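Okay, data.cif now, which holds mmCIF, N, CA, C and O atoms:
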```
data_input
loop_
_atom_site.group_PDB
_atom_site.id
_atom_site.type_symbol
_atom_site.label_atom_id
_atom_site.label_comp_id
_atom_site.auth_asym_id
_atom_site.auth_seq_id
_atom_site.Cartn_x
_atom_site.Cartn_y
_atom_site.Cartn_z
ATOM 1 N N MET A 1 166.509 96.480 134.802
ATOM 2 C CA MET A 1 165.589 96.845 135.871
ATOM 3 C C MET A 1 164.330 97.507 135.301
ATOM 4 O O MET A 1 163.242 97.270 135.775
ATOM 5 N N ARG A 2 164.509 98.355 134.279
ATOM 6 C CA ARG A 2 163.354 99.031 133.705
ATOM 7 C C ARG A 2 162.396 98.037 133.058
ATOM 8 O O ARG A 2 161.192 98.191 133.142
ATOM 9 N N LEU A 3 162.958 97.018 132.423
ATOM 10 C CA LEU A 3 162.118 96.029 131.756
ATOM 11 C C LEU A 3 161.338 95.199 132.779
ATOM 12 O O LEU A 3 160.181 94.847 132.539
ATOM 13 N N LYS A 4 161.947 94.921 133.928
ATOM 14 C CA LYS A 4 161.233 94.195 134.981
ATOM 15 C C LYS A 4 160.069 95.029 135.517
ATOM 16 O O LYS A 4 158.992 94.487 135.784
ATOM 17 N N MET A 5 160.275 96.316 135.655
ATOM 18 C CA MET A 5 159.193 97.192 136.106
ATOM 19 C C MET A 5 158.083 97.253 135.063
ATOM 20 O O MET A 5 156.905 97.319 135.408
ATOM 21 N N TRP A 6 158.457 97.215 133.779
ATOM 22 C CA TRP A 6 157.463 97.222 132.714
ATOM 23 C C TRP A 6 156.601 95.964 132.791
ATOM 24 O O TRP A 6 155.382 96.028 132.677
ATOM 25 N N TRP A 7 157.238 94.810 133.001
ATOM 26 C CA TRP A 7 156.489 93.559 133.117
ATOM 27 C C TRP A 7 155.605 93.567 134.362
ATOM 28 O O TRP A 7 154.475 93.067 134.330
ATOM 29 N N LEU A 8 156.102 94.095 135.460
ATOM 30 C CA LEU A 8 155.305 94.175 136.683
ATOM 31 C C LEU A 8 154.087 95.071 136.465
ATOM 32 O O LEU A 8 152.981 94.740 136.889
ATOM 33 N N GLY A 9 154.290 96.192 135.798
ATOM 34 C CA GLY A 9 153.173 97.081 135.495
ATOM 35 C C GLY A 9 152.133 96.399 134.626
ATOM 36 O O GLY A 9 150.923 96.548 134.846
ATOM 37 N N ASN A 10 152.580 95.626 133.635
ATOM 38 C CA ASN A 10 151.646 94.902 132.772
ATOM 39 C C ASN A 10 150.904 93.810 133.533
ATOM 40 O O ASN A 10 149.726 93.565 133.270
ATOM 41 N N LEU A 11 151.568 93.169 134.467
ATOM 42 C CA LEU A 11 150.904 92.161 135.283
ATOM 43 C C LEU A 11 149.805 92.795 136.128
ATOM 44 O O LEU A 11 148.711 92.249 136.253
ATOM 45 N N ILE A 12 150.077 93.963 136.670
ATOM 46 C CA ILE A 12 149.068 94.674 137.460
ATOM 47 C C ILE A 12 147.878 95.051 136.587
ATOM 48 O O ILE A 12 146.722 94.876 136.989
ATOM 49 N N TRP A 13 148.146 95.557 135.366
ATOM 50 C CA TRP A 13 147.049 95.900 134.449
ATOM 51 C C TRP A 13 146.231 94.668 134.101
ATOM 52 O O TRP A 13 145.004 94.727 133.991
ATOM 53 N N LEU A 14 146.894 93.535 133.901
ATOM 54 C CA LEU A 14 146.196 92.300 133.572
ATOM 55 C C LEU A 14 145.300 91.849 134.723
ATOM 56 O O LEU A 14 144.161 91.415 134.506
ATOM 57 N N LEU A 15 145.787 91.962 135.940
ATOM 58 C CA LEU A 15 144.979 91.611 137.109
ATOM 59 C C LEU A 15 143.773 92.540 137.245
ATOM 60 O O LEU A 15 142.662 92.085 137.561
ATOM 61 N N ILE A 16 143.974 93.825 137.001
ATOM 62 C CA ILE A 16 142.865 94.775 137.062
ATOM 63 C C ILE A 16 141.828 94.444 136.001
ATOM 64 O O ILE A 16 140.623 94.430 136.273
ATOM 65 N N PHE A 17 142.277 94.156 134.783
ATOM 66 C CA PHE A 17 141.359 93.812 133.705
ATOM 67 C C PHE A 17 140.581 92.539 134.034
ATOM 68 O O PHE A 17 139.369 92.476 133.837
ATOM 69 N N GLY A 18 141.254 91.533 134.527
ATOM 70 C CA GLY A 18 140.586 90.283 134.878
ATOM 71 C C GLY A 18 139.559 90.465 135.978
ATOM 72 O O GLY A 18 138.443 89.936 135.905
ATOM 73 N N THR A 19 139.916 91.234 136.992
ATOM 74 C CA THR A 19 138.999 91.484 138.099
ATOM 75 C C THR A 19 137.773 92.257 137.634
ATOM 76 O O THR A 19 136.636 91.896 137.967
ATOM 77 N N LEU A 20 137.996 93.322 136.872
ATOM 78 C CA LEU A 20 136.869 94.109 136.382
ATOM 79 C C LEU A 20 135.992 93.313 135.421
ATOM 80 O O LEU A 20 134.760 93.451 135.443
ATOM 81 N N SER A 21 136.592 92.482 134.598
ATOM 82 C CA SER A 21 135.808 91.640 133.689
ATOM 83 C C SER A 21 134.936 90.674 134.475
ATOM 84 O O SER A 21 133.763 90.473 134.154
ATOM 85 N N PHE A 22 135.509 90.089 135.515
ATOM 86 C CA PHE A 22 134.744 89.167 136.360
ATOM 87 C C PHE A 22 133.571 89.879 137.021
ATOM 88 O O PHE A 22 132.446 89.378 137.036
ATOM 89 N N VAL A 23 133.826 91.066 137.550
ATOM 90 C CA VAL A 23 132.762 91.838 138.204
ATOM 91 C C VAL A 23 131.675 92.197 137.200
ATOM 92 O O VAL A 23 130.474 92.070 137.493
ATOM 93 N N LEU A 24 132.061 92.646 136.011
ATOM 94 C CA LEU A 24 131.071 93.024 135.005
ATOM 95 C C LEU A 24 130.220 91.841 134.553
ATOM 96 O O LEU A 24 129.019 91.991 134.299
ATOM 97 N N MET A 25 130.817 90.688 134.436
ATOM 98 C CA MET A 25 130.079 89.539 133.911
ATOM 99 C C MET A 25 129.236 88.834 134.972
ATOM 100 O O MET A 25 128.320 88.083 134.630
ATOM 101 N N THR A 26 129.498 89.050 136.252
ATOM 102 C CA THR A 26 128.755 88.347 137.293
ATOM 103 C C THR A 26 127.696 89.201 137.975
ATOM 104 O O THR A 26 126.839 88.641 138.668
ATOM 105 N N ARG A 27 127.717 90.496 137.794
ATOM 106 C CA ARG A 27 126.711 91.321 138.480
ATOM 107 C C ARG A 27 125.365 91.212 137.770
ATOM 108 O O ARG A 27 125.285 91.055 136.559
ATOM 109 N N ARG A 28 124.323 91.296 138.556
ATOM 110 C CA ARG A 28 122.978 91.190 137.997
ATOM 111 C C ARG A 28 122.346 92.562 137.810
ATOM 112 O O ARG A 28 121.554 92.756 136.893
ATOM 113 N N ILE A 29 122.681 93.483 138.693
ATOM 114 C CA ILE A 29 122.134 94.838 138.628
ATOM 115 C C ILE A 29 123.303 95.801 138.740
ATOM 116 O O ILE A 29 124.153 95.657 139.621
ATOM 117 N N ASP A 30 123.358 96.805 137.847
ATOM 118 C CA ASP A 30 124.464 97.753 137.916
ATOM 119 C C ASP A 30 124.149 98.849 138.939
ATOM 120 O O ASP A 30 123.117 98.828 139.606
ATOM 121 N N SER A 31 125.040 99.793 139.083
ATOM 122 C CA SER A 31 124.908 100.805 140.129
ATOM 123 C C SER A 31 123.742 101.760 139.905
ATOM 124 O O SER A 31 123.297 102.410 140.835
ATOM 125 N N SER A 32 123.226 101.833 138.691
ATOM 126 C CA SER A 32 122.069 102.701 138.436
ATOM 127 C C SER A 32 120.753 101.972 138.677
ATOM 128 O O SER A 32 119.684 102.578 138.590
ATOM 129 N N GLY A 33 120.811 100.682 138.938
ATOM 130 C CA GLY A 33 119.613 99.909 139.211
ATOM 131 C C GLY A 33 119.078 99.171 138.004
ATOM 132 O O GLY A 33 118.045 98.512 138.089
ATOM 133 N N ALA A 34 119.756 99.274 136.868
ATOM 134 C CA ALA A 34 119.309 98.588 135.654
ATOM 135 C C ALA A 34 119.717 97.119 135.708
ATOM 136 O O ALA A 34 120.819 96.778 136.110
ATOM 137 N N VAL A 35 118.805 96.273 135.298
ATOM 138 C CA VAL A 35 119.080 94.836 135.253
ATOM 139 C C VAL A 35 120.017 94.560 134.085
ATOM 140 O O VAL A 35 119.816 95.047 132.978
ATOM 141 N N GLN A 36 121.049 93.772 134.343
ATOM 142 C CA GLN A 36 122.051 93.465 133.330
ATOM 143 C C GLN A 36 121.617 92.249 132.504
ATOM 144 O O GLN A 36 121.463 91.155 133.029
ATOM 145 N N THR A 37 121.436 92.463 131.226
ATOM 146 C CA THR A 37 121.142 91.376 130.299
ATOM 147 C C THR A 37 122.466 90.949 129.667
ATOM 148 O O THR A 37 123.477 91.647 129.794
ATOM 149 N N PRO A 38 122.477 89.812 128.990
ATOM 150 C CA PRO A 38 123.729 89.406 128.320
ATOM 151 C C PRO A 38 124.245 90.455 127.331
ATOM 152 O O PRO A 38 125.452 90.660 127.216
ATOM 153 N N LYS A 39 123.345 91.158 126.640
ATOM 154 C CA LYS A 39 123.782 92.189 125.697
ATOM 155 C C LYS A 39 124.451 93.353 126.408
ATOM 156 O O LYS A 39 125.498 93.842 125.960
ATOM 157 N N THR A 40 123.864 93.820 127.511
ATOM 158 C CA THR A 40 124.476 94.941 128.220
ATOM 159 C C THR A 40 125.784 94.537 128.880
ATOM 160 O O THR A 40 126.699 95.349 128.984
ATOM 161 N N ARG A 41 125.888 93.289 129.288
ATOM 162 C CA ARG A 41 127.162 92.810 129.849
ATOM 163 C C ARG A 41 128.254 92.818 128.785
ATOM 164 O O ARG A 41 129.386 93.221 129.051
ATOM 165 N N LEU A 42 127.909 92.379 127.575
ATOM 166 C CA LEU A 42 128.897 92.368 126.496
ATOM 167 C C LEU A 42 129.288 93.782 126.078
ATOM 168 O O LEU A 42 130.449 94.037 125.754
ATOM 169 N N VAL A 43 128.332 94.695 126.085
ATOM 170 C CA VAL A 43 128.658 96.094 125.768
ATOM 171 C C VAL A 43 129.602 96.652 126.822
ATOM 172 O O VAL A 43 130.590 97.322 126.501
ATOM 173 N N SER A 44 129.331 96.387 128.088
ATOM 174 C CA SER A 44 130.213 96.848 129.165
ATOM 175 C C SER A 44 131.604 96.245 129.031
ATOM 176 O O SER A 44 132.607 96.938 129.214
ATOM 177 N N LEU A 45 131.649 94.973 128.701
ATOM 178 C CA LEU A 45 132.940 94.315 128.516
ATOM 179 C C LEU A 45 133.673 94.890 127.306
ATOM 180 O O LEU A 45 134.895 95.060 127.339
ATOM 181 N N GLY A 46 132.937 95.234 126.254
ATOM 182 C CA GLY A 46 133.553 95.852 125.076
ATOM 183 C C GLY A 46 134.141 97.216 125.385
ATOM 184 O O GLY A 46 135.237 97.544 124.928
ATOM 185 N N VAL A 47 133.424 98.014 126.156
ATOM 186 C CA VAL A 47 133.943 99.330 126.554
ATOM 187 C C VAL A 47 135.212 99.155 127.384
ATOM 188 O O VAL A 47 136.200 99.871 127.191
ATOM 189 N N LEU A 48 135.188 98.215 128.306
ATOM 190 C CA LEU A 48 136.376 97.937 129.120
ATOM 191 C C LEU A 48 137.537 97.466 128.245
ATOM 192 O O LEU A 48 138.686 97.887 128.437
ATOM 193 N N ALA A 49 137.246 96.630 127.261
ATOM 194 C CA ALA A 49 138.293 96.120 126.372
ATOM 195 C C ALA A 49 138.903 97.244 125.537
ATOM 196 O O ALA A 49 140.128 97.285 125.351
ATOM 197 N N VAL A 50 138.082 98.163 125.041
ATOM 198 C CA VAL A 50 138.610 99.299 124.270
ATOM 199 C C VAL A 50 139.537 100.134 125.139
ATOM 200 O O VAL A 50 140.621 100.543 124.704
ATOM 201 N N PHE A 51 139.144 100.382 126.377
ATOM 202 C CA PHE A 51 139.992 101.136 127.300
ATOM 203 C C PHE A 51 141.339 100.433 127.500
ATOM 204 O O PHE A 51 142.397 101.071 127.451
ATOM 205 N N PHE A 52 141.307 99.129 127.681
ATOM 206 C CA PHE A 52 142.559 98.410 127.903
ATOM 207 C C PHE A 52 143.369 98.242 126.625
ATOM 208 O O PHE A 52 144.587 98.099 126.692
ATOM 209 N N ILE A 53 142.747 98.266 125.463
ATOM 210 C CA ILE A 53 143.507 98.257 124.207
ATOM 211 C C ILE A 53 144.289 99.560 124.066
ATOM 212 O O ILE A 53 145.452 99.563 123.628
ATOM 213 N N ILE A 54 143.680 100.677 124.465
ATOM 214 C CA ILE A 54 144.391 101.963 124.452
ATOM 215 C C ILE A 54 145.595 101.893 125.394
ATOM 216 O O ILE A 54 146.696 102.330 125.044
ATOM 217 N N ILE A 55 145.395 101.314 126.567
ATOM 218 C CA ILE A 55 146.500 101.160 127.513
ATOM 219 C C ILE A 55 147.570 100.242 126.931
ATOM 220 O O ILE A 55 148.777 100.491 127.094
ATOM 221 N N LEU A 56 147.176 99.192 126.222
ATOM 222 C CA LEU A 56 148.125 98.276 125.596
ATOM 223 C C LEU A 56 148.991 98.993 124.569
ATOM 224 O O LEU A 56 150.213 98.796 124.536
ATOM 225 N N VAL A 57 148.387 99.829 123.757
ATOM 226 C CA VAL A 57 149.154 100.582 122.759
ATOM 227 C C VAL A 57 150.166 101.495 123.455
ATOM 228 O O VAL A 57 151.338 101.576 123.045
ATOM 229 N N ILE A 58 149.743 102.167 124.510
ATOM 230 C CA ILE A 58 150.657 103.030 125.261
ATOM 231 C C ILE A 58 151.794 102.203 125.854
ATOM 232 O O ILE A 58 152.964 102.599 125.803
ATOM 233 N N GLN A 59 151.475 101.024 126.391
ATOM 234 C CA GLN A 59 152.510 100.166 126.966
ATOM 235 C C GLN A 59 153.494 99.678 125.903
ATOM 236 O O GLN A 59 154.690 99.551 126.169
ATOM 237 N N LEU A 60 153.019 99.405 124.711
ATOM 238 C CA LEU A 60 153.933 98.975 123.646
ATOM 239 C C LEU A 60 154.874 100.097 123.220
ATOM 240 O O LEU A 60 156.046 99.853 122.939
ATOM 241 N N VAL A 61 154.382 101.322 123.191
ATOM 242 C CA VAL A 61 155.243 102.472 122.893
ATOM 243 C C VAL A 61 156.292 102.622 123.993
ATOM 244 O O VAL A 61 157.478 102.851 123.710
ATOM 245 N N ILE A 62 155.881 102.455 125.242
ATOM 246 C CA ILE A 62 156.830 102.531 126.355
ATOM 247 C C ILE A 62 157.876 101.426 126.235
ATOM 248 O O ILE A 62 159.064 101.651 126.488
ATOM 249 N N LEU A 63 157.452 100.226 125.828
ATOM 250 C CA LEU A 63 158.392 99.117 125.656
ATOM 251 C C LEU A 63 159.451 99.444 124.614
ATOM 252 O O LEU A 63 160.631 99.140 124.804
ATOM 253 N N ILE A 64 159.054 100.079 123.537
ATOM 254 C CA ILE A 64 160.017 100.453 122.499
ATOM 255 C C ILE A 64 161.080 101.380 123.075
ATOM 256 O O ILE A 64 162.275 101.195 122.833
ATOM 257 N N PHE A 65 160.669 102.362 123.873
ATOM 258 C CA PHE A 65 161.627 103.289 124.460
ATOM 259 C C PHE A 65 162.490 102.622 125.531
ATOM 260 O O PHE A 65 163.677 102.926 125.659
ATOM 261 N N VAL A 66 161.923 101.705 126.292
ATOM 262 C CA VAL A 66 162.692 101.021 127.345
ATOM 263 C C VAL A 66 163.755 100.138 126.705
ATOM 264 O O VAL A 66 164.908 100.120 127.156
ATOM 265 N N ARG A 67 163.414 99.427 125.658
ATOM 266 C CA ARG A 67 164.385 98.550 125.000
ATOM 267 C C ARG A 67 165.470 99.350 124.275
ATOM 268 O O ARG A 67 166.598 98.920 124.180
ATOM 269 N N ARG A 68 165.091 100.492 123.744
ATOM 270 C CA ARG A 68 166.058 101.317 123.014
ATOM 271 C C ARG A 68 167.097 101.910 123.958
ATOM 272 O O ARG A 68 168.273 101.982 123.652
ATOM 273 N N LYS A 69 166.662 102.338 125.155
ATOM 274 C CA LYS A 69 167.580 102.930 126.133
ATOM 275 C C LYS A 69 168.354 101.883 126.923
ATOM 276 O O LYS A 69 169.396 102.168 127.469
ATOM 277 N N GLY A 70 167.796 100.670 127.024
ATOM 278 C CA GLY A 70 168.368 99.616 127.852
ATOM 279 C C GLY A 70 169.588 99.044 127.278
ATOM 280 O O GLY A 70 170.596 98.753 127.774
#
```
How does this structure look as structure tokens?
Amino acid sequence: MRLKMWWLGNLIWLLIFGTLSFVLMTRRIDSSGAVQTPKTRLVSLGVLAVFFIIILVIQLVILIFVRRKG
């Protein structure tokens, strides 16, 4: 049961990442009013990717503990 919850949590994170990536890549003007160029879009996507890589590392540590106790 714990492993199923882990997979469900990862699916939710994946959906959030996909949605935010889509929003970042399709918007023309950000919330501060700055026009989004391809470079600024890639920087925004890179920041988002770093955040989700940190979450991925945390999820892998959780997986180790879930499998060990399971």
Around (163.5, 98.3, 127.2) in the file's own coordinates, what residues are found within 5 Å if you use only N, CA, C and O atoms, given back as a count of residues only? 6
Mind checking which residues fall within 8 Å of Ser44 in chain A, counting only N, CA, C and O atoms, ignoring those fewer than 6 positions away in the same chain, and posting them as a VMD selection string? chain A and resid 20 to 21 24 to 25 37 to 38 50 to 51
Once the PyMOL selection byres (((chain A and resi 41 and name CA) around 12) and name CA) is applied to the coordinates I shared, what remains selected? I want it as a ChimeraX atom specification. /A:20-30,34-40,42-48
Length of the atom C of Val61 in chain A to atom C of Trp7 in chain A vector [Å]: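 Atom C of Trp7 in chain A lies 13.8 Å from atom C of Val61 in chain A.
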Mind listing the alpha helix (DSSP H) residues of chain A, per DSSP on the backbone, as an MDAnalysis selection string? chainID A and resid 2:26 38:69
One decimal place gives the CA of Met5 in chain A-CA of Thr19 in chain A separation as 21.1 Å
What gap, in Å, lies between CA of Leu3 in chain A and CA of Ala49 in chain A?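 About the pair CA of Leu3 in chain A and CA of Ala49 in chain A: they are 24.4 Å apart.
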Work out where the centre of an axis-aligned box around every listed atom of range 30-42 of chain A lies and how long its edges are once 4 Å is added on each side; give both in Å to one decimal as AutoDock Vina command-line options.
```
--center_x 124.2 --center_y 96.1 --center_z 133.3 --size_x 20.4 --size_y 21.3 --size_z 23.1
```
Nearest-residue call for Trp13 in chain A, choices A:Phe52, A:Leu60, A:Lys69, A:Met1, using only C-alpha atoms: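 That would be A:Phe52, the residue with the smallest distance to Trp13 in chain A.
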Given the choices A:Gly18, A:Ser32, A:Ile62, A:Ile53, which gets closest to Arg2 in chain A if the distance is worked out from all atoms listed in the file? A:Ile62
